[in-house]
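Trainee: Dropping in input33.txt, with compact mmCIF, C-alpha atoms.
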# COMPACT_ATOMS: atom_id res chain seq x y z
CA MET A 1118 -2.78 -22.03 -8.18
CA ASN A 1119 -5.01 -20.77 -10.96
CA MET A 1120 -6.03 -17.15 -11.50
CA ARG A 1121 -9.47 -17.75 -9.97
CA HIS A 1122 -7.90 -18.82 -6.67
CA VAL A 1123 -5.60 -15.79 -6.70
CA VAL A 1124 -8.52 -13.43 -7.25
CA ILE A 1125 -10.52 -15.11 -4.50
CA SER A 1126 -7.54 -14.96 -2.10
CA LEU A 1127 -6.95 -11.27 -2.82
CA SER A 1128 -10.66 -10.53 -2.39
CA VAL A 1129 -10.83 -12.32 0.95
CA PHE A 1130 -7.72 -10.50 2.16
CA SER A 1131 -9.13 -7.12 1.06
CA ILE A 1132 -12.47 -7.74 2.77
CA ALA A 1133 -10.79 -8.93 5.97
CA ALA A 1134 -8.49 -5.90 6.01
CA ALA A 1135 -11.43 -3.55 5.47
CA LEU A 1136 -13.47 -5.17 8.25
CA ILE A 1137 -10.62 -4.99 10.72
CA TYR A 1138 -9.91 -1.43 9.65
CA PHE A 1139 -13.42 -0.32 10.50
CA LEU A 1140 -14.14 -2.63 13.44
CA THR A 1141 -10.96 -1.73 15.31
CA GLY A 1142 -11.53 1.99 14.95
CA LEU A 1143 -8.59 2.53 12.64
CA SER A 1144 -10.88 4.50 10.35
CA ASN A 1145 -11.14 7.14 13.09
CA ALA A 1146 -7.38 7.54 13.51
CA ARG A 1147 -5.73 10.82 12.62
CA GLU A 1148 -6.07 11.69 8.98
CA ILE A 1149 -3.13 10.97 6.74
CA VAL A 1150 -2.72 13.51 3.96
CA LEU A 1151 -0.57 12.60 0.98
CA LYS A 1152 1.21 15.43 -0.85
CA PRO A 1153 1.85 14.21 -4.40
CA ASP A 1154 2.17 17.77 -5.73
CA ASP A 1155 4.79 18.89 -3.20
CA LEU A 1156 8.17 18.43 -4.92
CA SER A 1157 10.16 18.55 -1.68
CA VAL A 1158 8.00 15.77 -0.20
CA THR A 1159 8.01 13.58 -3.32
CA SER A 1160 11.76 14.02 -3.81
CA LEU A 1161 12.37 12.81 -0.27
CA GLY A 1162 9.85 10.00 -0.86
CA ALA A 1163 11.62 8.87 -4.05
CA LYS A 1164 14.94 8.67 -2.21
CA ILE A 1165 13.45 6.69 0.69
CA TYR A 1166 11.51 4.43 -1.69
CA ASN A 1167 14.70 3.58 -3.58
CA GLN A 1168 16.52 2.79 -0.33
CA ASN A 1169 13.76 0.77 1.36
CA CYS A 1170 11.09 -0.36 -1.08
CA GLY A 1171 12.47 -0.63 -4.61
CA SER A 1172 14.30 -3.90 -4.05
CA CYS A 1173 10.94 -5.68 -3.64
CA HIS A 1174 8.39 -3.41 -5.31
CA GLY A 1175 10.66 -2.51 -8.24
CA ALA A 1176 12.75 0.53 -9.10
CA ASN A 1177 9.90 1.74 -11.32
CA LEU A 1178 7.12 0.67 -8.92
CA GLU A 1179 6.40 -2.31 -11.21
CA GLY A 1180 6.22 -4.94 -8.45
CA GLU A 1181 7.65 -8.42 -8.49
CA GLU A 1182 7.26 -10.59 -11.55
CA ASN A 1183 4.12 -12.71 -11.28
CA TRP A 1184 3.03 -10.50 -8.37
CA GLN A 1185 -0.50 -11.92 -8.34
CA GLY A 1186 0.82 -15.39 -7.55
CA ARG A 1187 2.52 -16.76 -4.47
CA ASP A 1188 6.20 -17.42 -3.99
CA ALA A 1189 7.75 -20.80 -3.12
CA GLU A 1190 6.88 -20.23 0.56
CA GLY A 1191 3.23 -19.49 -0.25
CA ARG A 1192 3.50 -15.78 0.42
CA LEU A 1193 2.09 -13.09 -1.83
CA ARG A 1194 4.71 -11.36 -3.93
CA ALA A 1195 5.30 -7.61 -3.74
CA PRO A 1196 2.62 -5.85 -5.78
CA PRO A 1197 3.26 -2.94 -8.09
CA HIS A 1198 2.61 0.56 -6.81
CA ASP A 1199 2.16 2.01 -10.28
CA ALA A 1200 -1.22 2.32 -12.01
CA THR A 1201 -1.25 -1.41 -12.89
CA GLY A 1202 -1.47 -2.50 -9.26
CA HIS A 1203 -4.09 -2.04 -6.57
CA THR A 1204 -2.31 0.44 -4.29
CA TRP A 1205 -4.46 3.30 -5.54
CA HIS A 1206 -7.59 1.37 -4.53
CA HIS A 1207 -6.73 1.99 -0.86
CA ALA A 1208 -7.03 5.18 1.15
CA GLY A 1209 -3.82 6.92 2.20
CA GLU A 1210 -4.52 6.16 5.85
CA LEU A 1211 -4.69 2.40 5.22
CA LEU A 1212 -1.55 2.53 3.05
CA PHE A 1213 0.18 4.39 5.88
CA ARG A 1214 -0.82 1.75 8.45
CA LEU A 1215 0.18 -1.14 6.18
CA THR A 1216 3.59 0.47 5.74
CA LYS A 1217 4.13 1.48 9.35
CA TYR A 1218 2.75 -1.57 11.16
CA GLY A 1219 2.81 -4.27 8.44
CA PRO A 1220 -0.09 -6.31 7.06
CA ALA A 1221 -0.20 -8.78 9.97
CA ALA A 1222 -0.90 -6.02 12.50
CA VAL A 1223 -3.40 -4.24 10.28
CA ILE A 1224 -5.47 -7.36 9.69
CA GLY A 1225 -5.07 -8.43 13.32
CA ASP A 1226 -3.35 -11.74 12.61
CA PRO A 1227 0.15 -11.92 14.12
CA ASN A 1228 0.68 -15.26 12.34
CA TYR A 1229 -0.04 -13.87 8.87
CA ALA A 1230 3.01 -14.79 6.76
CA THR A 1231 4.25 -11.88 4.68
CA ASN A 1232 7.50 -10.59 3.28
CA MET A 1233 6.35 -7.01 3.92
CA PRO A 1234 8.17 -5.67 6.98
CA ALA A 1235 6.76 -3.12 9.38
CA TYR A 1236 8.61 0.18 9.09
CA GLU A 1237 7.55 1.55 12.49
CA ASP A 1238 11.10 1.41 13.85
CA ILE A 1239 12.78 2.21 10.52
CA LEU A 1240 10.97 5.22 9.03
CA SER A 1241 9.33 8.22 10.66
CA ASP A 1242 5.70 9.05 9.95
CA THR A 1243 6.90 11.96 7.80
CA GLU A 1244 9.10 9.61 5.77
CA ILE A 1245 6.28 7.12 5.26
CA ILE A 1246 3.98 9.91 4.08
CA ALA A 1247 6.75 11.10 1.74
CA VAL A 1248 7.08 7.62 0.20
CA LEU A 1249 3.32 7.29 -0.27
CA SER A 1250 3.19 10.81 -1.72
CA TYR A 1251 5.96 9.90 -4.17
CA ILE A 1252 4.09 6.76 -5.22
CA LYS A 1253 0.89 8.73 -5.79
CA SER A 1254 2.78 11.39 -7.74
CA THR A 1255 3.67 8.77 -10.37
CA TRP A 1256 0.07 7.76 -11.10
CA PRO A 1257 -1.61 9.09 -14.25
CA PRO A 1258 -4.04 11.99 -13.72
CA HIS A 1259 -7.18 9.84 -14.02
CA ILE A 1260 -5.94 7.40 -11.34
CA ARG A 1261 -4.93 10.24 -9.03
CA ALA A 1262 -8.36 11.82 -9.51
CA ARG A 1263 -10.08 8.55 -8.59
CA HIS A 1264 -7.90 8.24 -5.49
CA ASP A 1265 -8.64 11.86 -4.55
CA GLU A 1266 -12.39 11.19 -4.87
CA MET A 1267 -12.09 8.13 -2.66
CA GLU A 1268 -10.21 10.17 -0.05
CA LYS A 1269 -12.92 12.87 -0.09
CA ARG A 1270 -15.68 10.32 0.61
CA ARG A 1271 -14.04 9.23 3.83
Rewrite the structure of this file - the entire thing - as structure tokens.
Mentor:
Amino acid sequence: MNMRHVVISLSVFSIAAALIYFLTGLSNAREIVLKPDDLSVTSLGAKIYNQNCGSCHGANLEGEENWQGRDAEGRLRAPPHDATGHTWHHAGELLFRLTKYGPAAVIGDPNYATNMPAYEDILSDTEIIAVLSYIKSTWPPHIRARHDEMEKRR
């Protein structure tokens, strides 16, 4: 698959996720507030990330090698959560739902093939917020500022 197809696939997925997010009323769900400046939250988040996320998304949030391509089974690889990836392009609430319920539930397609598990029965809401807060705490100031601005517009 060439890079053009990857970009098109990622764009279609992002648009579909956004449409489902707004059309299903998920945008009106309780507000998720990340706490990247709270050391107790980010310390807990780092520990949970290392135990549950680092094996796929990388110990340093770097994602899988060739993350923009598909694996042998045709599934998207684990993206980076550092500034080189697209995590910071999404609101905290959507990141929370993707983590808690998994991509298939968020996009409304139970047959969507993904390696990303749902953590609903594994992590508490507080733990998920801690992980996302830890991830955000690692972003450079200009990326965090852009994410903060996006969150304010919601």
Trainee: Between CA of Phe1213 (chain A) and CA of Ser1241 (chain A), what is the distance in Å, rounded to a tenth?
Mentor: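 That distance, rounded to one decimal, is 11.0 Å.
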Trainee: CA of His1203 (chain A) and CA of Ile1252 (chain A), how far apart in Å?
Mentor: 12.1 Å
Trainee: With only C-alpha atoms as the basis for distance, which of A:Asp1199, A:Asp1265, A:Asp1238, A:Glu1244 is at the shortest distance from Leu1161 (chain A)?
Mentor: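 Checking each candidate against Leu1161 (chain A), we get A:Glu1244 as the closest.
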Trainee: Show me, as a count of residues only, the residues that have an atom within 8 Å of Tyr1229 (chain A) when counting all atoms listed in the file, minus same-chain residues fewer than 3 positions from it.
Mentor: 3
Trainee: For Leu1193 (chain A), which of A:Arg1271, A:Pro1227, A:Ala1176, A:Glu1181 is the closest residue, counting all atoms listed in the file?
Mentor: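 Residue with the minimum atom-to-atom distance to Leu1193 (chain A): A:Glu1181.
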Trainee: What is the CA of Ile1246 (chain A)-CA of Cys1173 (chain A) distance in Å, reported with one decimal?
Mentor: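 Distance reported for this atom pair: 18.7 Å.
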Trainee: Neighbours of Ala1262 (chain A) within 12 Å (only C-alpha atoms; same-chain residues fewer than 6 positions away dropped), as a list in words?
Mentor: Pro1153, Trp1205, His1206, Lys1253, Ser1254, Trp1256, Glu1268 and Lys1269 of chain A
Trainee: Go through A:Asn1177, A:Asn1183, A:Thr1255, A:Thr1243 and flag the residue nearest Ile1149 (chain A), using only C-alpha atoms for the distances.
Mentor: A:Thr1243
Trainee: Using only C-alpha atoms, find the one residue out of A:Ser1160, A:Ser1250, A:Ser1172, A:Asn1167 that sits nearest to Glu1210 (chain A).
Mentor: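 The answer is A:Ser1250, which sits nearest to Glu1210 (chain A).
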Trainee: My list of candidates is A:Val1223, A:Ile1239, A:Arg1261, A:Arg1187. Which is closest to Ala1200 (chain A) when distances are computed with all atoms listed in the file?
Mentor: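 Distance minimum relative to Ala1200 (chain A) lands on A:Arg1261.
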Trainee: Any idea what's packed within 12 Å of Leu1215 (chain A), counting only C-alpha atoms, ignoring anything in its chain fewer than 3 positions away? Could you give it as a PyMOL selection string?
Mentor: chain A and resi 1134-1135+1138+1143+1204+1207-1212+1218-1225+1231+1233-1237+1245-1246+1249
Trainee: For Gly1180 (chain A), find every residue with an atom within 7 Å (counting all atoms listed in the file), except residues of its own chain fewer than 5 positions away, and show them as a list of chain:residue names.
Mentor: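 Using all atoms listed in the file, the neighbours found are A:Cys1173, A:His1174, A:Gly1175, A:Ala1195, A:Pro1196, A:Pro1197, A:His1198.
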Trainee: I need the residue nearest Val1158 (chain A) from this list: A:Arg1192, A:Thr1201, A:Thr1216, A:Tyr1251. Use only C-alpha atoms for the distance.
Mentor: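 Distance minimum relative to Val1158 (chain A) lands on A:Tyr1251.
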Trainee: Would you mind putting back N, CA, C and O atoms on region 1208-1222 of chain A, then writing it out as a PDB file, in the coordinates of the input?
Mentor:
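out_15.pdb, written as the output of this step:
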ATOM      1  N   ALA A1208      -7.187   3.840   0.601  1.00  0.00           N
ATOM      2  CA  ALA A1208      -7.030   5.180   1.150  1.00  0.00           C
ATOM      3  C   ALA A1208      -5.607   5.367   1.699  1.00  0.00           C
ATOM      4  O   ALA A1208      -4.970   4.397   2.138  1.00  0.00           O
ATOM      5  N   GLY A1209      -5.145   6.608   1.699  1.00  0.00           N
ATOM      6  CA  GLY A1209      -3.820   6.920   2.200  1.00  0.00           C
ATOM      7  C   GLY A1209      -3.608   6.458   3.629  1.00  0.00           C
ATOM      8  O   GLY A1209      -2.536   5.984   3.993  1.00  0.00           O
ATOM      9  N   GLU A1210      -4.632   6.573   4.443  1.00  0.00           N
ATOM     10  CA  GLU A1210      -4.520   6.160   5.850  1.00  0.00           C
ATOM     11  C   GLU A1210      -4.244   4.660   5.976  1.00  0.00           C
ATOM     12  O   GLU A1210      -3.413   4.231   6.775  1.00  0.00           O
ATOM     13  N   LEU A1211      -4.927   3.842   5.178  1.00  0.00           N
ATOM     14  CA  LEU A1211      -4.690   2.400   5.220  1.00  0.00           C
ATOM     15  C   LEU A1211      -3.295   2.077   4.670  1.00  0.00           C
ATOM     16  O   LEU A1211      -2.574   1.256   5.242  1.00  0.00           O
ATOM     17  N   LEU A1212      -2.894   2.739   3.604  1.00  0.00           N
ATOM     18  CA  LEU A1212      -1.550   2.530   3.050  1.00  0.00           C
ATOM     19  C   LEU A1212      -0.487   2.883   4.100  1.00  0.00           C
ATOM     20  O   LEU A1212       0.505   2.179   4.252  1.00  0.00           O
ATOM     21  N   PHE A1213      -0.738   3.966   4.818  1.00  0.00           N
ATOM     22  CA  PHE A1213       0.180   4.390   5.880  1.00  0.00           C
ATOM     23  C   PHE A1213       0.300   3.301   6.945  1.00  0.00           C
ATOM     24  O   PHE A1213       1.395   2.906   7.344  1.00  0.00           O
ATOM     25  N   ARG A1214      -0.821   2.766   7.404  1.00  0.00           N
ATOM     26  CA  ARG A1214      -0.820   1.750   8.450  1.00  0.00           C
ATOM     27  C   ARG A1214      -0.180   0.450   7.981  1.00  0.00           C
ATOM     28  O   ARG A1214       0.551  -0.195   8.730  1.00  0.00           O
ATOM     29  N   LEU A1215      -0.449   0.059   6.724  1.00  0.00           N
ATOM     30  CA  LEU A1215       0.180  -1.140   6.180  1.00  0.00           C
ATOM     31  C   LEU A1215       1.698  -0.992   6.153  1.00  0.00           C
ATOM     32  O   LEU A1215       2.431  -1.931   6.446  1.00  0.00           O
ATOM     33  N   THR A1216       2.155   0.211   5.810  1.00  0.00           N
ATOM     34  CA  THR A1216       3.590   0.470   5.740  1.00  0.00           C
ATOM     35  C   THR A1216       4.200   0.546   7.139  1.00  0.00           C
ATOM     36  O   THR A1216       5.235  -0.064   7.403  1.00  0.00           O
ATOM     37  N   LYS A1217       3.560   1.276   8.015  1.00  0.00           N
ATOM     38  CA  LYS A1217       4.130   1.480   9.350  1.00  0.00           C
ATOM     39  C   LYS A1217       4.082   0.210  10.204  1.00  0.00           C
ATOM     40  O   LYS A1217       5.083  -0.159  10.820  1.00  0.00           O
ATOM     41  N   TYR A1218       2.937  -0.447  10.245  1.00  0.00           N
ATOM     42  CA  TYR A1218       2.750  -1.570  11.160  1.00  0.00           C
ATOM     43  C   TYR A1218       2.855  -2.941  10.499  1.00  0.00           C
ATOM     44  O   TYR A1218       2.970  -3.943  11.195  1.00  0.00           O
ATOM     45  N   GLY A1219       2.768  -3.000   9.170  1.00  0.00           N
ATOM     46  CA  GLY A1219       2.810  -4.270   8.440  1.00  0.00           C
ATOM     47  C   GLY A1219       1.428  -4.884   8.322  1.00  0.00           C
ATOM     48  O   GLY A1219       0.546  -4.616   9.142  1.00  0.00           O
ATOM     49  N   PRO A1220       1.227  -5.704   7.292  1.00  0.00           N
ATOM     50  CA  PRO A1220      -0.090  -6.310   7.060  1.00  0.00           C
ATOM     51  C   PRO A1220      -0.610  -7.146   8.221  1.00  0.00           C
ATOM     52  O   PRO A1220      -1.802  -7.119   8.525  1.00  0.00           O
ATOM     53  N   ALA A1221       0.250  -7.904   8.892  1.00  0.00           N
ATOM     54  CA  ALA A1221      -0.200  -8.780   9.970  1.00  0.00           C
ATOM     55  C   ALA A1221      -0.886  -7.978  11.083  1.00  0.00           C
ATOM     56  O   ALA A1221      -1.942  -8.368  11.579  1.00  0.00           O
ATOM     57  N   ALA A1222      -0.309  -6.850  11.456  1.00  0.00           N
ATOM     58  CA  ALA A1222      -0.900  -6.020  12.500  1.00  0.00           C
ATOM     59  C   ALA A1222      -2.195  -5.372  12.032  1.00  0.00           C
ATOM     60  O   ALA A1222      -3.168  -5.296  12.788  1.00  0.00           O
TER      61      ALA A1222
END
